[in-house]
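Trainee: Quick one: structure below, then a few questions.
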Amino acid sequence: MKAAVITKSTEYYISIRECLINTQGISNLIEDASNNKIIFEFTTHNAVEGLREKLITFGTAIEFVFL
């Protein structure tokens with residue numbers, strides 16, 4: 001399954017990318033830095049929910065789009 005993380009904050013882009021890299025069940029990252037978007041594949045919805053909990057700590061607008 002695929003999803004994308006889109007953020008409006010460029011200052012957190014690198015941290016969000018690192019968070020994705022370090023989350024189990026997330027793979028095949030495709031980065032679109034000019035649009036602050038990272039597309040990734042995930043194995044289970046639990047992986048995405050765990051990722052969502054991690055990303056909330058940034059306190060910025062983050063949007064998940066399931067592809």
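A note on labels: chains of the structure tokens are A, B, ... as shown, every chain counts residues from 1, and ligands are counted from 1 in their shown order.
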Extract the full set of strand (DSSP E) residues from chain A according to DSSP on the backbone, and format it as a PyMOL selection string.
Mentor: chain A and resi 2-7+26-32+37-42+62-66
Trainee: For a quick check of understanding, using only C-alpha atoms, which of A:Glu18, A:Phe66, A:Leu29, A:Tyr13 has the smallest distance to Val48 of chain A?
Mentor: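 Comparing A:Glu18, A:Phe66, A:Leu29, A:Tyr13 against Val48 of chain A, the winner is A:Phe66.
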Trainee: Smallest atom-to-atom distance to Glu41 of chain A: which of A:Ser27, A:Glu11, A:Val5, A:Ile21, using only C-alpha atoms?
Mentor: A:Ser27
Trainee: Would you please work out which residue, of A:His45, A:Arg17, A:Lys37, A:Lys8, is nearest to Gly59 of chain A when using only C-alpha atoms?
Mentor: A:Lys8
Trainee: For Gly25 of chain A, which residue among A:Thr7, A:Glu63, A:Glu49, A:Thr43 is the nearest when counting only C-alpha atoms?
Mentor: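 Answer, going by the shortest atom-to-atom distance: A:Thr43.
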Trainee: Could you give me, as JSON, numbers by chain, the residues within 8 Å of Ala3 of chain A, counting only C-alpha atoms and dropping anything in the same chain fewer than 4 positions from it?
Mentor: {"A": [39, 40, 41, 42, 64, 65, 66, 67]}
Trainee: Just to be explicit: take each residue in the selection above, keep all heavy atoms, and write the result as a PDB file, in the first residue's frame.
Mentor:
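Everything below was put into result.pdb:
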```pdb
ATOM      1  N   ILE A  39       6.590  10.178  -0.699  1.00  0.00           N
ATOM      2  CA  ILE A  39       5.718   9.040  -0.971  1.00  0.00           C
ATOM      3  C   ILE A  39       6.419   7.798  -0.429  1.00  0.00           C
ATOM      4  O   ILE A  39       7.637   7.665  -0.548  1.00  0.00           O
ATOM      5  CB  ILE A  39       5.460   8.900  -2.482  1.00  0.00           C
ATOM      6  CG1 ILE A  39       4.748  10.153  -3.008  1.00  0.00           C
ATOM      7  CG2 ILE A  39       4.647   7.640  -2.786  1.00  0.00           C
ATOM      8  CD1 ILE A  39       4.641  10.216  -4.511  1.00  0.00           C
ATOM      9  N   PHE A  40       5.654   6.910   0.173  1.00  0.00           N
ATOM     10  CA  PHE A  40       6.248   5.711   0.751  1.00  0.00           C
ATOM     11  C   PHE A  40       5.277   4.555   0.677  1.00  0.00           C
ATOM     12  O   PHE A  40       4.087   4.739   0.458  1.00  0.00           O
ATOM     13  CB  PHE A  40       6.665   5.958   2.212  1.00  0.00           C
ATOM     14  CG  PHE A  40       5.523   6.351   3.107  1.00  0.00           C
ATOM     15  CD1 PHE A  40       4.814   5.388   3.813  1.00  0.00           C
ATOM     16  CD2 PHE A  40       5.160   7.674   3.252  1.00  0.00           C
ATOM     17  CE1 PHE A  40       3.756   5.741   4.637  1.00  0.00           C
ATOM     18  CE2 PHE A  40       4.106   8.042   4.073  1.00  0.00           C
ATOM     19  CZ  PHE A  40       3.403   7.074   4.769  1.00  0.00           C
ATOM     20  N   GLU A  41       5.809   3.365   0.862  1.00  0.00           N
ATOM     21  CA  GLU A  41       4.990   2.161   0.945  1.00  0.00           C
ATOM     22  C   GLU A  41       4.957   1.714   2.395  1.00  0.00           C
ATOM     23  O   GLU A  41       5.918   1.921   3.133  1.00  0.00           O
ATOM     24  CB  GLU A  41       5.571   1.060   0.065  1.00  0.00           C
ATOM     25  CG  GLU A  41       5.461   1.373  -1.403  1.00  0.00           C
ATOM     26  CD  GLU A  41       5.980   0.258  -2.292  1.00  0.00           C
ATOM     27  OE1 GLU A  41       6.201  -0.864  -1.803  1.00  0.00           O
ATOM     28  OE2 GLU A  41       6.167   0.529  -3.480  1.00  0.00           O
ATOM     29  N   PHE A  42       3.846   1.112   2.799  1.00  0.00           N
ATOM     30  CA  PHE A  42       3.729   0.615   4.163  1.00  0.00           C
ATOM     31  C   PHE A  42       3.098  -0.761   4.153  1.00  0.00           C
ATOM     32  O   PHE A  42       2.360  -1.112   3.236  1.00  0.00           O
ATOM     33  CB  PHE A  42       2.939   1.587   5.052  1.00  0.00           C
ATOM     34  CG  PHE A  42       1.529   1.848   4.602  1.00  0.00           C
ATOM     35  CD1 PHE A  42       0.465   1.152   5.151  1.00  0.00           C
ATOM     36  CD2 PHE A  42       1.269   2.806   3.629  1.00  0.00           C
ATOM     37  CE1 PHE A  42      -0.832   1.397   4.739  1.00  0.00           C
ATOM     38  CE2 PHE A  42      -0.029   3.061   3.217  1.00  0.00           C
ATOM     39  CZ  PHE A  42      -1.087   2.353   3.773  1.00  0.00           C
ATOM     40  N   PHE A  64      -1.673  13.249   5.344  1.00  0.00           N
ATOM     41  CA  PHE A  64      -1.460  11.933   4.777  1.00  0.00           C
ATOM     42  C   PHE A  64      -2.406  11.790   3.592  1.00  0.00           C
ATOM     43  O   PHE A  64      -3.582  12.114   3.680  1.00  0.00           O
ATOM     44  CB  PHE A  64      -1.832  10.821   5.775  1.00  0.00           C
ATOM     45  CG  PHE A  64      -0.742  10.460   6.717  1.00  0.00           C
ATOM     46  CD1 PHE A  64      -0.756  10.939   8.009  1.00  0.00           C
ATOM     47  CD2 PHE A  64       0.271   9.598   6.329  1.00  0.00           C
ATOM     48  CE1 PHE A  64       0.237  10.585   8.899  1.00  0.00           C
ATOM     49  CE2 PHE A  64       1.264   9.232   7.224  1.00  0.00           C
ATOM     50  CZ  PHE A  64       1.246   9.741   8.509  1.00  0.00           C
ATOM     51  N   VAL A  65      -1.877  11.292   2.497  1.00  0.00           N
ATOM     52  CA  VAL A  65      -2.701  10.999   1.324  1.00  0.00           C
ATOM     53  C   VAL A  65      -2.444   9.542   0.977  1.00  0.00           C
ATOM     54  O   VAL A  65      -1.306   9.147   0.724  1.00  0.00           O
ATOM     55  CB  VAL A  65      -2.320  11.901   0.123  1.00  0.00           C
ATOM     56  CG1 VAL A  65      -3.161  11.550  -1.079  1.00  0.00           C
ATOM     57  CG2 VAL A  65      -2.457  13.364   0.497  1.00  0.00           C
ATOM     58  N   PHE A  66      -3.493   8.729   1.018  1.00  0.00           N
ATOM     59  CA  PHE A  66      -3.355   7.317   0.669  1.00  0.00           C
ATOM     60  C   PHE A  66      -3.527   7.169  -0.826  1.00  0.00           C
ATOM     61  O   PHE A  66      -4.490   7.661  -1.397  1.00  0.00           O
ATOM     62  CB  PHE A  66      -4.365   6.469   1.433  1.00  0.00           C
ATOM     63  CG  PHE A  66      -4.107   6.471   2.912  1.00  0.00           C
ATOM     64  CD1 PHE A  66      -4.764   7.342   3.756  1.00  0.00           C
ATOM     65  CD2 PHE A  66      -3.157   5.625   3.446  1.00  0.00           C
ATOM     66  CE1 PHE A  66      -4.510   7.358   5.106  1.00  0.00           C
ATOM     67  CE2 PHE A  66      -2.885   5.629   4.805  1.00  0.00           C
ATOM     68  CZ  PHE A  66      -3.562   6.506   5.643  1.00  0.00           C
ATOM     69  N   LEU A  67      -2.556   6.523  -1.454  1.00  0.00           N
ATOM     70  CA  LEU A  67      -2.555   6.405  -2.926  1.00  0.00           C
ATOM     71  C   LEU A  67      -3.030   5.047  -3.377  1.00  0.00           C
ATOM     72  O   LEU A  67      -2.922   4.077  -2.744  1.00  0.00           O
ATOM     73  CB  LEU A  67      -1.129   6.645  -3.442  1.00  0.00           C
ATOM     74  CG  LEU A  67      -0.477   7.933  -2.957  1.00  0.00           C
ATOM     75  CD1 LEU A  67       0.978   7.961  -3.379  1.00  0.00           C
ATOM     76  CD2 LEU A  67      -1.215   9.134  -3.491  1.00  0.00           C
TER      77      LEU A  67
END
```
Trainee: List every residue of chain A that DSSP, applied to the backbone of this structure, assigns to helix (DSSP H, G or I), and report them as an MDAnalysis selection string.
Mentor: chainID A and resid 10:21 33:35 45:56
Trainee: Would you please work out which residue, of A:Asn46, A:Asn35, A:Leu51, A:Thr57, is nearest to Thr10 of chain A when using only C-alpha atoms?
Mentor: A:Asn35
Trainee: Hey, can you check how far atom CA of Asn28 of chain A sits from atom CA of Thr44 of chain A?
Mentor: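 One can read the atom CA of Asn28 of chain A to atom CA of Thr44 of chain A distance as 14.3 Å.
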Trainee: Point out the residue among A:Cys19, A:Met1, A:Ile14, A:Ile30 with the least atom-to-atom distance to Arg52 of chain A, counting only C-alpha atoms.
Mentor: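 Under the stated criterion, the closest residue is A:Cys19.
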Trainee: What separation in Å, quoted to one decimal, exists between atom CA of Ala47 of chain A and atom CA of Ser34 of chain A?
Mentor: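 Atom CA of Ser34 of chain A lies at a distance of 25.7 Å from atom CA of Ala47 of chain A.
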